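Each remark here refers to the structure printed beneath this line.
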Amino acid sequence: MPSMVIVGAQWGDEGKGKLTDYLTNKADVVVRYQGGNNAGHTVEVDDQQYKLQLIPSGILHADKLNIIGNGVVIDPEAFLGEIKKLHDRDIPTSNLKISDRAHIILPYHKKIDELSEIRRGSNDIGTTKKGIGPAYMDKTERIGIRVCDLMKKDVFAERLKQNIEIKNQYLKEIFGFEGYSYDEVLEKYLQYAEQLRPYVADTSVLVYNSIKANKRVLFEGAQGTLLDLDYGTYPYVTSSHPVAGGVCVGAGIGPSMIQKAVGVVKAYTTRVGKGPFPTELHDSTGELIRQKGFEFGTVTGRARRCGWFDAVIVRYAARISGLTGLAITKLDTIAGFDKVKICVGYKINNEIIRDFPASIEDLAECEPIYEEFNGWEDVSNITEYKKLPTNLIRYLERIEELCETRISILSVGPKRDQTIVIEEF
Ligand code: GDP
Ligand code: IMO
Ligand code: MG
């Protein structure tokens, strides 16, 4: 397996964690390149379930290097909490490095996230309230604080002083919130700094050297294409770049160093948070998918909205990320249905469109055009492609055709051995 990106090709929660853990077996290095602990990646190994947020899903393999790249925003408290949970379960983390260029999340970021959402009222985005957006805002405003700053006591003390003054003023004037004590935040973060120090590295060098040494590097996307800041359903998006292009900036390598990009998609579609969703099912079928697929958010516990597979979206994701393959998960969840549907295009103002529109107002007007397929029975124990039910193979072949992308991997359950590899990496 050369270097490969695992990209969410819908609205997140496609099963990137499971896929990353599975493919780590063949990789040497696993890298997160964007997002933060807004992500929730569930990995199941034997009878154990692990919920990873900031730490790459390769961490369960003790002999592989795991990296949190500069494009990620790191909440030190959340990071250390995750480390502790892993240690409590005897998972070592000496194979984990975090970028000295990554920006850190401070208490005011989380508070601003939370209060801004309240202030938006019914126009809220439905964020995870982890402070992700406000931390990326500071990064682009050029007032963010990075891991390398946190490592230098004086530099951190000064940057924090400048920031906390502005943030407290903002919190007070806009939200009537008292703000934070400089001394308390300083003391707390200086303690975090010492706990973080052993993990800190110039991770771009590590990634570059690994690729140069012909090591196999896996880039684990968080969120999904439709949550991308530029390509998603703006403003109902996250504040980073989950698309394959995000790897170059978020891990610090050039595009010529990435050979493959696999888009992970569910056999249907889900979304948490607000925003238009053309194939959403508001009926008992949507509820059945939610119950069968246990579609409740890992991070916030919110019920995920469910709908049929939307080929317009996945074709769009394939184009934006130059996908070389698709990984289709949760084929077991929609087993047992009499009929299943695929959205092949949208109808808007009596016109048929097949390219995903920029305007969410247009998207909200789009009526899905469906093709219907006969369903299939339980597939959760099938381990070979040729043993899959004919109806399912028809469904998959149509997806390949519509999305103009080959399927390289299938998933029929949350566990490692519930995976069917079609194209070896
Ligand atoms: P991620 O954010 O993309 O990593 O996805 P999540 O972990 O948030 O959500 C995917 C959920 O589906 C997790 O609970 C996985 O354990 C589970 N899962 C992954 N693949 C399959 C599959 O093929 N079948 C079933 N039934 N569950 C799966
Ligand atoms: P994984 O990696 C699904 C959604 C939130 C909200 C929007 C903005 O598990 O696929 P944010 O807190 O990022 O500012 O919220 O993005 N969101 C996700 N939805 N999966 C995720 O991650 C998500 N991370 C953020 O629900 O709609
Ligand atoms: Mg998730």
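Here's how to read the names in the structure tokens: chain A, B, ... by the order shown, residue numbers from 1 in each chain, ligand numbers from 1 in the order shown.
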Give me, as CSV, each residue of chain A that comes within 9 Å of ligand 1, together with its shortest interatomic pair and the distance in Å at one decimal, counting only C-alpha atoms and all ligand atoms, with rows ordered by chain and rising residue number.
residue,atom,partner,partner_atom_place_in_ligand_line,distance
A:Val7,CA,ligand 1,3 (O),8.8
A:Gly8,CA,ligand 1,3 (O),6.5
A:Gly12,CA,ligand 1,3 (O),5.5
A:Asp13,CA,ligand 1,5 (O),3.3
A:Glu14,CA,ligand 1,3 (O),3.9
A:Gly15,CA,ligand 1,3 (O),3.6
A:Lys16,CA,ligand 1,3 (O),3.7
A:Gly17,CA,ligand 1,4 (O),3.6
A:Lys18,CA,ligand 1,19 (C),5.5
A:Leu19,CA,ligand 1,20 (N),7.6
A:Thr20,CA,ligand 1,4 (O),8.3
A:Ala39,CA,ligand 1,2 (O),6.1
A:Gly40,CA,ligand 1,2 (O),5.0
A:His41,CA,ligand 1,4 (O),3.5
A:Thr42,CA,ligand 1,7 (O),3.6
A:Val43,CA,ligand 1,16 (O),5.4
A:Glu44,CA,ligand 1,16 (O),5.9
A:Gln49,CA,ligand 1,16 (O),7.8
A:Tyr50,CA,ligand 1,16 (O),8.8
A:Lys51,CA,ligand 1,7 (O),7.4
A:Leu52,CA,ligand 1,4 (O),8.3
A:Gln53,CA,ligand 1,2 (O),8.7
A:Ser57,CA,ligand 1,4 (O),8.4
A:Gly221,CA,ligand 1,3 (O),8.3
A:Ala222,CA,ligand 1,2 (O),6.6
A:Gln223,CA,ligand 1,2 (O),6.6
A:Gly224,CA,ligand 1,3 (O),8.0
A:Val264,CA,ligand 1,3 (O),7.6
A:Val265,CA,ligand 1,3 (O),8.5
A:Lys266,CA,ligand 1,23 (O),7.9
A:Ala267,CA,ligand 1,23 (O),8.8
A:Lys292,CA,ligand 1,26 (N),7.8
A:Gly293,CA,ligand 1,26 (N),5.7
A:Phe294,CA,ligand 1,14 (O),7.3
A:Glu295,CA,ligand 1,11 (C),7.4
A:Phe296,CA,ligand 1,9 (O),8.5
A:Gly297,CA,ligand 1,8 (O),6.6
A:Thr298,CA,ligand 1,8 (O),5.7
A:Val299,CA,ligand 1,8 (O),8.2
A:Ile328,CA,ligand 1,23 (O),7.6
A:Thr329,CA,ligand 1,23 (O),4.1
A:Lys330,CA,ligand 1,23 (O),3.4
A:Leu331,CA,ligand 1,23 (O),5.9
A:Asp332,CA,ligand 1,24 (N),5.7
A:Thr333,CA,ligand 1,26 (N),5.5
A:Ser380,CA,ligand 1,24 (N),7.7
A:Leu410,CA,ligand 1,23 (O),7.4
A:Ser411,CA,ligand 1,23 (O),3.9
A:Val412,CA,ligand 1,23 (O),4.0
A:Gly413,CA,ligand 1,24 (N),3.2
A:Pro414,CA,ligand 1,28 (C),3.8
A:Lys415,CA,ligand 1,16 (O),7.2
A:Gln418,CA,ligand 1,23 (O),7.0
A:Thr419,CA,ligand 1,23 (O),7.4
Residues of segment 198-374 of chain A in strand (DSSP E or B), written as number ranges by chain: A: 200-201, 217-220, 260-266, 269-271, 280, 296, 303, 305-307, 309-310, 325-329, 339-348, 351-353, 367-374
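Distance annotation: of A:Asn163, A:Thr300, A:Thr269, A:Thr390, the residue with the minimal separation from ligand 2 is A:Thr300; atom set is only C-alpha atoms and all ligand atoms.
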Residue nearest Arg398 of chain A - candidates A:Ala311, A:Ala9, A:Ile83, A:Ile118, atoms counted: only C-alpha atoms: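 Of all the options, A:Ala311 lies closest to Arg398 of chain A.
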Selection: 10 Å around Lys64 of chain A, only C-alpha atoms, excl. self and same-chain fewer than 3 positions, as a ChimeraX atom specification: /A:24-30,58-61,67,95-96,217
Contacts of Gly336 of chain A at 7 Å (only C-alpha atoms; same-chain gap of 4+ positions) as a count of residues only: 4
Spatial neighbours of segment 253-258 of chain A, max dist 8 Å, only C-alpha atoms, sep filter under 3 positions, as a list in words: Pro2, Ser3, Met4, Val5, Ser204, Val207, Tyr208, Ile211, Gly245, Val247, Cys248, Val249 and Ala261 of chain A
Export C-alpha atoms of the chosen residues as a PDB file, in the first residue's frame?
ATOM      1  CA  PRO A   2       1.533   3.314  -1.000  1.00  0.00           C
ATOM      2  CA  SER A   3       0.397   6.466   0.797  1.00  0.00           C
ATOM      3  CA  MET A   4      -3.357   6.641   0.899  1.00  0.00           C
ATOM      4  CA  VAL A   5      -6.014   9.032   2.151  1.00  0.00           C
ATOM      5  CA  SER A 204       5.895  16.962   8.751  1.00  0.00           C
ATOM      6  CA  VAL A 207       5.729  11.947   7.448  1.00  0.00           C
ATOM      7  CA  TYR A 208       8.154  13.034   4.717  1.00  0.00           C
ATOM      8  CA  ILE A 211       7.344   8.276   2.590  1.00  0.00           C
ATOM      9  CA  GLY A 245      -6.555  18.132  -0.694  1.00  0.00           C
ATOM     10  CA  VAL A 247      -3.784  16.322   3.524  1.00  0.00           C
ATOM     11  CA  CYS A 248      -1.105  18.416   1.843  1.00  0.00           C
ATOM     12  CA  VAL A 249      -1.587  21.397   4.104  1.00  0.00           C
ATOM     13  CA  ALA A 261      -7.638   8.323  -2.052  1.00  0.00           C
TER      14      ALA A 261
END
Å distance separating atom CA of Asp355 of chain A from atom CA of Lys260 of chain A, one decimal place: 23.3 Å
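With only C-alpha atoms as the atoms that count, the residue of A:Asp228, A:Asp47, A:Glu365, A:Glu173 with the shortest distance to Glu351 of chain A is A:Glu365.
The spacing separating atom CA of Asn38 of chain A from atom CA of Pro235 of chain A amounts to 16.5 Å.
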As a PDB file with N, CA and C atoms, in the first residue's frame, list the residues of segment 41-103 of chain A assigned to alpha helix (DSSP H) by DSSP on the backbone atoms of this structure.
ATOM      1  N   PRO A  76      -5.907  20.216  24.682  1.00  0.00           N
ATOM      2  CA  PRO A  76      -5.004  19.420  25.518  1.00  0.00           C
ATOM      3  C   PRO A  76      -5.735  18.580  26.549  1.00  0.00           C
ATOM      4  N   GLU A  77      -6.799  19.150  27.111  1.00  0.00           N
ATOM      5  CA  GLU A  77      -7.550  18.411  28.127  1.00  0.00           C
ATOM      6  C   GLU A  77      -8.179  17.150  27.509  1.00  0.00           C
ATOM      7  N   ALA A  78      -8.788  17.326  26.342  1.00  0.00           N
ATOM      8  CA  ALA A  78      -9.417  16.193  25.666  1.00  0.00           C
ATOM      9  C   ALA A  78      -8.361  15.174  25.249  1.00  0.00           C
ATOM     10  N   PHE A  79      -7.235  15.676  24.761  1.00  0.00           N
ATOM     11  CA  PHE A  79      -6.151  14.795  24.320  1.00  0.00           C
ATOM     12  C   PHE A  79      -5.654  13.931  25.477  1.00  0.00           C
ATOM     13  N   LEU A  80      -5.387  14.576  26.607  1.00  0.00           N
ATOM     14  CA  LEU A  80      -4.854  13.842  27.758  1.00  0.00           C
ATOM     15  C   LEU A  80      -5.899  12.877  28.326  1.00  0.00           C
ATOM     16  N   GLY A  81      -7.166  13.283  28.236  1.00  0.00           N
ATOM     17  CA  GLY A  81      -8.244  12.399  28.686  1.00  0.00           C
ATOM     18  C   GLY A  81      -8.293  11.139  27.826  1.00  0.00           C
ATOM     19  N   GLU A  82      -8.107  11.343  26.524  1.00  0.00           N
ATOM     20  CA  GLU A  82      -8.138  10.196  25.605  1.00  0.00           C
ATOM     21  C   GLU A  82      -6.943   9.269  25.851  1.00  0.00           C
ATOM     22  N   ILE A  83      -5.800   9.879  26.103  1.00  0.00           N
ATOM     23  CA  ILE A  83      -4.588   9.092  26.399  1.00  0.00           C
ATOM     24  C   ILE A  83      -4.842   8.244  27.649  1.00  0.00           C
ATOM     25  N   LYS A  84      -5.427   8.862  28.656  1.00  0.00           N
ATOM     26  CA  LYS A  84      -5.656   8.149  29.915  1.00  0.00           C
ATOM     27  C   LYS A  84      -6.590   6.946  29.691  1.00  0.00           C
ATOM     28  N   LYS A  85      -7.639   7.198  28.914  1.00  0.00           N
ATOM     29  CA  LYS A  85      -8.589   6.105  28.644  1.00  0.00           C
ATOM     30  C   LYS A  85      -7.886   4.936  27.952  1.00  0.00           C
ATOM     31  N   LEU A  86      -6.968   5.265  27.041  1.00  0.00           N
ATOM     32  CA  LEU A  86      -6.234   4.200  26.345  1.00  0.00           C
ATOM     33  C   LEU A  86      -5.318   3.469  27.313  1.00  0.00           C
ATOM     34  N   HIS A  87      -4.600   4.232  28.138  1.00  0.00           N
ATOM     35  CA  HIS A  87      -3.694   3.613  29.108  1.00  0.00           C
ATOM     36  C   HIS A  87      -4.459   2.706  30.072  1.00  0.00           C
ATOM     37  N   ASP A  88      -5.668   3.178  30.472  1.00  0.00           N
ATOM     38  CA  ASP A  88      -6.484   2.364  31.380  1.00  0.00           C
ATOM     39  C   ASP A  88      -6.828   1.011  30.772  1.00  0.00           C
TER      40      ASP A  88
END
Ile143 of chain A environment, 9 Å, only C-alpha atoms, sequence neighbours closer than 2 positions dropped, as a list in words: Met137, Asp138, Lys139, Thr140, Glu141, Ile145, Arg159, Gln162 and Asn163 of chain A
Close residues, Lys167 of chain A itself excluded, 10 Å, only C-alpha atoms, min 5 positions apart in chain, as a VMD selection string: chain A and resid 108 to 109 112 162 172 to 173 179 to 180
Distance of atom CA of Phe309 of chain A from atom CA of Gln291 of chain A, expressed in Å to one decimal place: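 Straight-line distance from atom CA of Gln291 of chain A to atom CA of Phe309 of chain A works out to 17.0 Å.
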